[in-house]
>>> print(open('work16.pdb').read())   # PDB, C-alpha atoms and all ligand atoms
ATOM      1  CA  MET E   1      44.189  63.923   2.806  1.00  0.00           C
ATOM      2  CA  SER E   2      47.968  63.569   2.694  1.00  0.00           C
ATOM      3  CA  ASP E   3      49.743  61.692  -0.060  1.00  0.00           C
ATOM      4  CA  SER E   4      51.004  59.070   2.382  1.00  0.00           C
ATOM      5  CA  VAL E   5      47.447  58.263   3.539  1.00  0.00           C
ATOM      6  CA  ARG E   6      46.327  57.955  -0.077  1.00  0.00           C
ATOM      7  CA  GLU E   7      49.244  55.654  -0.832  1.00  0.00           C
ATOM      8  CA  ARG E   8      48.560  53.441   2.160  1.00  0.00           C
ATOM      9  CA  GLU E   9      44.840  53.235   1.387  1.00  0.00           C
ATOM     10  CA  ALA E  10      45.580  52.321  -2.219  1.00  0.00           C
ATOM     11  CA  LEU E  11      47.363  49.235  -0.922  1.00  0.00           C
ATOM     12  CA  LEU E  12      44.524  48.042   1.273  1.00  0.00           C
ATOM     13  CA  PRO E  13      42.153  45.310   0.057  1.00  0.00           C
ATOM     14  CA  GLU E  14      38.412  45.815  -0.294  1.00  0.00           C
ATOM     15  CA  ALA E  15      36.018  44.232   2.199  1.00  0.00           C
ATOM     16  CA  GLU E  16      34.797  40.814   1.159  1.00  0.00           C
ATOM     17  CA  PRO E  17      31.061  40.194   1.413  1.00  0.00           C
ATOM     18  CA  GLN E  18      30.172  36.907   3.107  1.00  0.00           C
ATOM     19  CA  ASN E  19      27.570  34.434   2.061  1.00  0.00           C
ATOM     20  CA  PRO E  20      24.569  34.318   4.399  1.00  0.00           C
ATOM     21  CA  CYS E  21      24.511  31.805   7.255  1.00  0.00           C
ATOM     22  CA  CYS E  22      22.235  28.790   7.189  1.00  0.00           C
ATOM     23  CA  PRO E  23      19.416  29.554   9.667  1.00  0.00           C
ATOM     24  CA  VAL E  24      19.262  25.911  10.760  1.00  0.00           C
ATOM     25  CA  CYS E  25      22.877  24.973  11.537  1.00  0.00           C
ATOM     26  CA  GLY E  26      24.541  28.406  11.477  1.00  0.00           C
ATOM     27  CA  GLU E  27      27.237  27.494   8.944  1.00  0.00           C
ATOM     28  CA  VAL E  28      28.124  29.992   6.228  1.00  0.00           C
ATOM     29  CA  THR E  29      26.471  28.824   3.029  1.00  0.00           C
ATOM     30  CA  SER E  30      28.359  28.140  -0.176  1.00  0.00           C
ATOM     31  CA  PHE E  31      27.423  29.816  -3.435  1.00  0.00           C
ATOM     32  CA  ASP E  32      26.550  27.385  -6.172  1.00  0.00           C
ATOM     33  CA  ALA E  33      25.984  29.161  -9.500  1.00  0.00           C
ATOM     34  CA  ASP E  34      22.420  30.343  -8.738  1.00  0.00           C
ATOM     35  CA  ASP E  35      21.748  29.840  -5.065  1.00  0.00           C
ATOM     36  CA  PHE E  36      23.275  29.721  -1.632  1.00  0.00           C
ATOM     37  CA  GLU E  37      23.536  26.171  -0.426  1.00  0.00           C
ATOM     38  CA  CYS E  38      23.933  24.412   2.934  1.00  0.00           C
ATOM     39  CA  ALA E  39      25.417  20.961   2.442  1.00  0.00           C
ATOM     40  CA  ASN E  40      24.769  20.047   6.097  1.00  0.00           C
ATOM     41  CA  CYS E  41      21.061  20.689   5.940  1.00  0.00           C
ATOM     42  CA  LEU E  42      20.501  19.858   2.247  1.00  0.00           C
ATOM     43  CA  LEU E  43      18.908  23.247   1.703  1.00  0.00           C
ATOM     44  CA  ILE E  44      19.278  25.933  -0.916  1.00  0.00           C
ATOM     45  CA  PHE E  45      18.463  29.592  -0.424  1.00  0.00           C
ATOM     46  CA  SER E  46      17.347  32.071  -3.041  1.00  0.00           C
ATOM     47  CA  THR E  47      19.825  34.864  -3.736  1.00  0.00           C
ATOM     48  CA  THR E  48      16.955  37.287  -4.286  1.00  0.00           C
ATOM     49  CA  ASN E  49      14.887  36.797  -1.127  1.00  0.00           C
ATOM     50  CA  LEU E  50      16.842  34.122   0.845  1.00  0.00           C
ATOM     51  CA  SER E  51      13.808  31.819   0.968  1.00  0.00           C
ATOM     52  CA  ALA E  52      14.695  28.173   1.630  1.00  0.00           C
ATOM     53  CA  SER E  53      13.935  25.160  -0.495  1.00  0.00           C
ATOM     54  CA  LEU E  54      14.959  21.531  -0.360  1.00  0.00           C
ATOM     55  CA  ALA E  55      18.071  20.782  -2.411  1.00  0.00           C
ATOM     56  CA  ASP E  56      16.393  17.551  -3.561  1.00  0.00           C
ATOM     57  CA  SER E  57      12.616  17.792  -3.413  1.00  0.00           C
ATOM     58  CA  SER E  58      12.225  14.066  -4.122  1.00  0.00           C
ATOM     59  CA  ALA E  59      14.332  13.019  -1.096  1.00  0.00           C
ATOM     60  CA  PRO E  60      12.386  11.490   1.805  1.00  0.00           C
ATOM     61  CA  GLN E  61      11.755  13.623   4.876  1.00  0.00           C
ATOM     62  CA  CYS E  62      14.026  13.130   7.909  1.00  0.00           C
ATOM     63  CA  ALA E  63      10.937  13.361  10.133  1.00  0.00           C
ATOM     64  CA  SER E  64      12.783  12.824  13.437  1.00  0.00           C
ATOM     65  CA  GLU E  65      10.628  13.762  16.370  1.00  0.00           C
ATOM     66  CA  CYS E  66      11.462  16.868  18.382  1.00  0.00           C
ATOM     67  CA  GLU E  67      14.122  15.968  20.966  1.00  0.00           C
ATOM     68  CA  ASP E  68      13.636  18.968  23.201  1.00  0.00           C
ATOM     69  CA  LYS E  69      12.617  17.613  26.589  1.00  0.00           C
ATOM     70  CA  HIS E  70      10.844  20.821  27.551  1.00  0.00           C
ATOM     71  CA  HIS E  71       8.829  20.750  24.362  1.00  0.00           C
ATOM     72  CA  ARG E  72       7.903  17.115  24.804  1.00  0.00           C
ATOM     73  CA  GLU E  73       6.736  17.724  28.326  1.00  0.00           C
ATOM     74  CA  GLN E  74       4.613  20.565  26.978  1.00  0.00           C
ATOM     75  CA  ILE E  75       5.543  22.844  29.822  1.00  0.00           C
ATOM     76  CA  ALA E  76       2.754  25.345  30.066  1.00  0.00           C
ATOM     77  CA  LEU E  77       3.974  28.895  30.444  1.00  0.00           C
ATOM     78  CA  HIS E  78       1.384  31.610  30.808  1.00  0.00           C
ATOM     79  CA  GLY E  79      -1.100  29.645  28.742  1.00  0.00           C
ATOM     80  CA  TYR E  80       1.339  28.772  25.945  1.00  0.00           C
ATOM     81  CA  ARG E  81       2.882  25.467  24.922  1.00  0.00           C
ATOM     82  CA  TYR E  82       5.082  24.106  22.151  1.00  0.00           C
ATOM     83  CA  ALA E  83       3.440  22.503  19.157  1.00  0.00           C
ATOM     84  CA  CYS E  84       6.150  20.059  18.067  1.00  0.00           C
ATOM     85  CA  ARG E  85       6.527  18.831  14.538  1.00  0.00           C
ATOM     86  CA  PRO E  86       8.815  16.258  12.933  1.00  0.00           C
ATOM     87  CA  CYS E  87      12.070  17.434  11.344  1.00  0.00           C
ATOM     88  CA  ALA E  88      11.293  19.134   8.038  1.00  0.00           C
ATOM     89  CA  LEU E  89      14.715  18.520   6.479  1.00  0.00           C
ATOM     90  CA  SER E  90      15.503  15.731   4.054  1.00  0.00           C
ATOM     91  CA  ALA E  91      16.828  12.396   5.293  1.00  0.00           C
ATOM     92  CA  GLY E  92      20.623  12.353   5.283  1.00  0.00           C
ATOM     93  CA  HIS E  93      21.157  15.868   6.610  1.00  0.00           C
ATOM     94  CA  THR E  94      24.125  15.931   8.951  1.00  0.00           C
ATOM     95  CA  ASP E  95      23.624  18.695  11.477  1.00  0.00           C
ATOM     96  CA  VAL E  96      20.795  19.633  13.840  1.00  0.00           C
ATOM     97  CA  HIS E  97      17.195  18.677  13.130  1.00  0.00           C
ATOM     98  CA  PHE E  98      14.759  21.396  12.233  1.00  0.00           C
ATOM     99  CA  THR E  99      11.456  20.772  13.921  1.00  0.00           C
ATOM    100  CA  GLY E 100      10.243  24.356  13.698  1.00  0.00           C
ATOM    101  CA  CYS E 101       8.246  23.976  16.898  1.00  0.00           C
ATOM    102  CA  ARG E 102       5.798  26.780  17.351  1.00  0.00           C
ATOM    103  CA  PHE E 103       4.986  28.398  20.630  1.00  0.00           C
ATOM    104  CA  GLU E 104       1.213  28.465  20.613  1.00  0.00           C
ATOM    105  CA  ARG E 105      -1.624  29.428  22.881  1.00  0.00           C
ATOM    106  CA  ILE E 106      -3.227  26.504  24.696  1.00  0.00           C
ATOM    107  CA  PRO E 107      -6.832  26.267  23.568  1.00  0.00           C
ATOM    108  CA  ALA E 108      -9.193  27.363  26.311  1.00  0.00           C
ATOM    109  CA  GLU E 109     -11.020  24.625  28.194  1.00  0.00           C
ATOM    110  CA  PRO E 110     -14.638  24.548  27.151  1.00  0.00           C
ATOM    111  CA  ASN E 111     -16.753  26.104  29.914  1.00  0.00           C
ATOM    112  CA  SER E 112     -18.694  23.527  31.851  1.00  0.00           C
TER
HETATM  113 ZN    ZN O 201      22.593  24.263   7.544  1.00  0.00          ZN
HETATM  114 ZN    ZN O 202       9.522  20.716  19.973  1.00  0.00          ZN
HETATM  115 ZN    ZN O 203      16.289  15.818  10.851  1.00  0.00          ZN
END
>>> encode(input="work16.pdb", output="structure tokens", more="lines below")
Ligand SMILES: [Zn+2]
Ligand SMILES: [Zn+2]
Ligand SMILES: [Zn+2]
Amino acid sequence: MSDSVREREALLPEAEPQNPCCPVCGEVTSFDADDFECANCLLIFSTTNLSASLADSSAPQCASECEDKHHREQIALHGYRYACRPCALSAGHTDVHFTGCRFERIPAEPNS
């Protein structure tokens, strides 16, 4: 490596690691002493395994119903449908709702 390359590289800054993104709203989380935090969704994420918890576990649930028209209509696709649930976030969150709808197999009709 030439001296000029070494000199130039010595001037360059190191890469800056980014905080993880909130899986609900997609914003980059902020780091608050112990945890990553999403102020939009009122969630905190563990720095060790990134698991989510409610920032305030005593806050009431948002509980908005799923607004996805396709989910509500329960469009059957190859024997599957959406099992919709109310928003799991705390009331007062400011971005998208998180209904966590699961794609599930439609129970078979009992044979008659
Ligand atoms: Zn978020
Ligand atoms: Zn849904
Ligand atoms: Zn909500």
>>> closest_residue(input="work16.pdb", among="E:Arg8, E:Arg85, E:Thr99, E:Ala91", to="Ser57 (chain E)", atoms="all atoms listed in the file")
E:Ala91
>>> resolve_selection(input="work16.pdb", expression="the PyMOL selection byres (((not hetatm)) within 6 of (chain O and resi 201))", output="list of chain:residue names")
E:Cys22, E:Val24, E:Cys25, E:Glu27, E:Cys38, E:Asn40, E:Cys41
>>> atom_distance(input="work16.pdb", atom1="CA of Thr48 (chain E)", atom2="CA of Val96 (chain E)")
25.6 Å
>>> resolve_selection(input="work16.pdb", expression="the PyMOL selection byres (((chain E and resi 39) around 12) and not hetatm)", output="ChimeraX atom specification")
/E:21-22,24-32,36-38,40-45,54-56,89-90,92-95
>>> residues_near_point(input="work16.pdb", point="(9.3, 16.3, 25.5)", cutoff="12 Å", atoms="all atoms listed in the file", output="list in words")
Glu65, Cys66, Glu67, Asp68, Lys69, His70, His71, Arg72, Glu73, Gln74, Ile75, Arg81, Tyr82, Ala83, Cys84, Arg85 and Cys101 of chain E
>>> atom_distance(input="work16.pdb", atom1="atom ZN of ligand ZN 202 (chain O)", atom2="CA of Pro110 (chain E)")
25.5 Å
>>> resolve_selection(input="work16.pdb", expression="the PyMOL selection byres (((not hetatm)) within 6 of (chain O and resi 203))", output="VMD selection string")
chain E and resid 62 to 64 87 89 97 to 98
>>> write_last_selection(input="work16.pdb", atoms="C-alpha atoms", output="PDB file, keeping the file's coordinate frame")
ATOM      1  CA  CYS E  62      14.026  13.130   7.909  1.00  0.00           C
ATOM      2  CA  ALA E  63      10.937  13.361  10.133  1.00  0.00           C
ATOM      3  CA  SER E  64      12.783  12.824  13.437  1.00  0.00           C
ATOM      4  CA  CYS E  87      12.070  17.434  11.344  1.00  0.00           C
ATOM      5  CA  LEU E  89      14.715  18.520   6.479  1.00  0.00           C
ATOM      6  CA  HIS E  97      17.195  18.677  13.130  1.00  0.00           C
ATOM      7  CA  PHE E  98      14.759  21.396  12.233  1.00  0.00           C
TER       8      PHE E  98
END
>>> closest_residue(input="work16.pdb", among="E:Pro86, E:Pro20, E:Pro60, E:Gly79", to="ligand ZN 202 (chain O)", atoms="only C-alpha atoms and all ligand atoms")
E:Pro86
>>> closest_residue(input="work16.pdb", among="E:Ser58, E:Ala108, E:Tyr80, E:Gly100", to="ligand ZN 202 (chain O)", atoms="all atoms listed in the file")
E:Gly100
>>> closest_residue(input="work16.pdb", among="E:Ser2, E:Asp35, E:Ala88, E:Thr47", to="Gln61 (chain E)", atoms="all atoms listed in the file")
E:Ala88
>>> closest_residue(input="work16.pdb", among="E:Ser46, E:Arg102, E:Asn111, E:Glu9", to="ligand ZN 202 (chain O)", atoms="only C-alpha atoms and all ligand atoms")
E:Arg102
>>> atom_distance(input="work16.pdb", atom1="CA of Arg105 (chain E)", atom2="CA of His78 (chain E)")
8.8 Å
>>> axis_aligned_box(input="work16.pdb", around="region 45-54 of chain E", padding_each_side="4 Å", output="AutoDock Vina command-line options")
--center_x 16.8 --center_y 29.4 --center_z -1.3 --size_x 14.0 --size_y 23.8 --size_z 13.9
